[in-house]
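One structure is given here, and the rest of the page talks about it.
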Amino acid sequence: MAMFNQKDEMGDPNIDTLIGSNTRFEGDIRFKGGLHIDGEVEGSVVADGSGLLVISEQGRVKGEIDVPEVIVDGQVDGDITASNRLELRENGRVGGNIKYGSIRMALGAQVNGNLAYESNPSAPRSDFRSTKDKETSSGSGS
């Protein structure tokens with residue numbers, strides 16, 4: 001599979017670990033870096049520090065997810081905490097509550113639970129002020 005040692009669609013570095021489509025894993029997973037799930041996981045999935053979790057269209061997780069960056073194109077039965085960003089793709093299905101720093105949801109994605117924005121002060125944020133606003137605020141002599 002060409003996912004290793006490449007950047008994913010969100011521009012994030014390396015997927016370090018792959019759980020293949022013919023694999024069923026029972027137990028909790030703690031990881032660093034990137035994890036791509038094509039198979040089934042029954043248990044919690046937690047990133048130690050920064051991390052990216054990609055659940056492909058055929059992937060399935062039954063359990064809690066606590067990972068800063070999550071892409072779901074498969075099935076999740078459990079709560080998700082994505083402190084930086086969450087992307088729910090067209091085939092993504094979530095049966096559980098979601099806490100997120102930012103979210104992108106494609107037409108066709110489904111959530112059966114609550115969505116709650118959770119501010120993450122340590123996450124990098126874009127400055128959305130216009131150039132004119134920046135000039136005004138930097139040019140004021142207060």
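Just so we're on the same page: first chain in the structure tokens is A, next is B, and so on; residues restart at 1 for each chain, and ligands are numbered from 1 in the order they show up.
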
query: Could you pull the residues within 12 Å of Gly113 of chain A, counting only C-alpha atoms, minus those fewer than 2 positions along the same chain, as a count of residues only?
result: 16

task: Please give the complete set of residues from segment 21-140 of chain A that DSSP, run on the backbone, assigns to alpha helix (DSSP H), formatted as a PyMOL selection string.
output: chain A and resi 131-139

The selected residues should be written to file as an mmCIF file, in the first residue's frame (atoms: N, CA and C atoms).
```
data_model
loop_
_atom_site.group_PDB
_atom_site.id
_atom_site.type_symbol
_atom_site.label_atom_id
_atom_site.label_comp_id
_atom_site.auth_asym_id
_atom_site.auth_seq_id
_atom_site.Cartn_x
_atom_site.Cartn_y
_atom_site.Cartn_z
ATOM 1 N N THR A 131 -6.685 41.601 6.022
ATOM 2 C CA THR A 131 -5.469 42.408 5.970
ATOM 3 C C THR A 131 -5.750 43.811 6.485
ATOM 4 N N LYS A 132 -6.895 44.399 6.128
ATOM 5 C CA LYS A 132 -7.247 45.741 6.580
ATOM 6 C C LYS A 132 -7.351 45.777 8.106
ATOM 7 N N ASP A 133 -7.990 44.739 8.713
ATOM 8 C CA ASP A 133 -8.103 44.681 10.165
ATOM 9 C C ASP A 133 -6.736 44.587 10.815
ATOM 10 N N LYS A 134 -5.813 43.815 10.220
ATOM 11 C CA LYS A 134 -4.473 43.674 10.776
ATOM 12 C C LYS A 134 -3.731 45.005 10.727
ATOM 13 N N GLU A 135 -3.867 45.738 9.593
ATOM 14 C CA GLU A 135 -3.209 47.029 9.480
ATOM 15 C C GLU A 135 -3.759 48.020 10.489
ATOM 16 N N THR A 136 -5.066 47.994 10.702
ATOM 17 C CA THR A 136 -5.686 48.896 11.661
ATOM 18 C C THR A 136 -5.221 48.602 13.073
ATOM 19 N N SER A 137 -5.180 47.290 13.444
ATOM 20 C CA SER A 137 -4.809 46.946 14.803
ATOM 21 C C SER A 137 -3.312 47.155 15.039
ATOM 22 N N SER A 138 -2.471 46.923 14.021
ATOM 23 C CA SER A 138 -1.038 47.129 14.212
ATOM 24 C C SER A 138 -0.667 48.594 14.078
ATOM 25 N N GLY A 139 -1.472 49.364 13.407
ATOM 26 C CA GLY A 139 -1.169 50.777 13.197
ATOM 27 C C GLY A 139 -1.710 51.672 14.301
#
```

Nearest residue to Gly20 of chain A from the set A:Ser50, A:Asn91, A:Asn112, A:Ser56 (distances using only C-alpha atoms): A:Ser56

message: With only C-alpha atoms as the counted atoms, please give the residues lying no more than 6 Å from Gly34 of chain A, apart from itself and same-chain residues fewer than 5 positions off, as a ChimeraX atom specification.
response: /A:15-16,51-53

message: When DSSP is applied to the backbone of this structure, which of segment 19-118 of chain A are assigned strand (DSSP E or B)? Write them out as a PyMOL selection string.
response: chain A and resi 19+24-26+29-37+40-42+45-55+60-62+65-66+69-72+75-77+80-82+85-88+93-95+98-100+103-105+110-111+115-117

field: Exercise: Ile55 of chain A partners within 10 Å, only C-alpha atoms, chain neighbours under 6 positions left out, as a PyMOL selection string
entry: chain A and resi 19+35-40+61+70-76+88-89+92

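Residue nearest Glu69 of chain A, chosen from A:Asn14, A:Ser102, A:Thr23, A:Ser44 and counting only C-alpha atoms: A:Ser102.
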
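If you measure from each of A:Gly27, A:Pro68, A:Gly43, A:Gly49 to Ile103 of chain A using only C-alpha atoms, the closest one turns out to be A:Pro68.
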
message: Can you measure atom CA of Arg24 of chain A to atom CA of Leu86 of chain A for me? One decimal in Å is fine.
response: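 Computing the Euclidean distance for atom CA of Arg24 of chain A and atom CA of Leu86 of chain A yields 23.9 Å.
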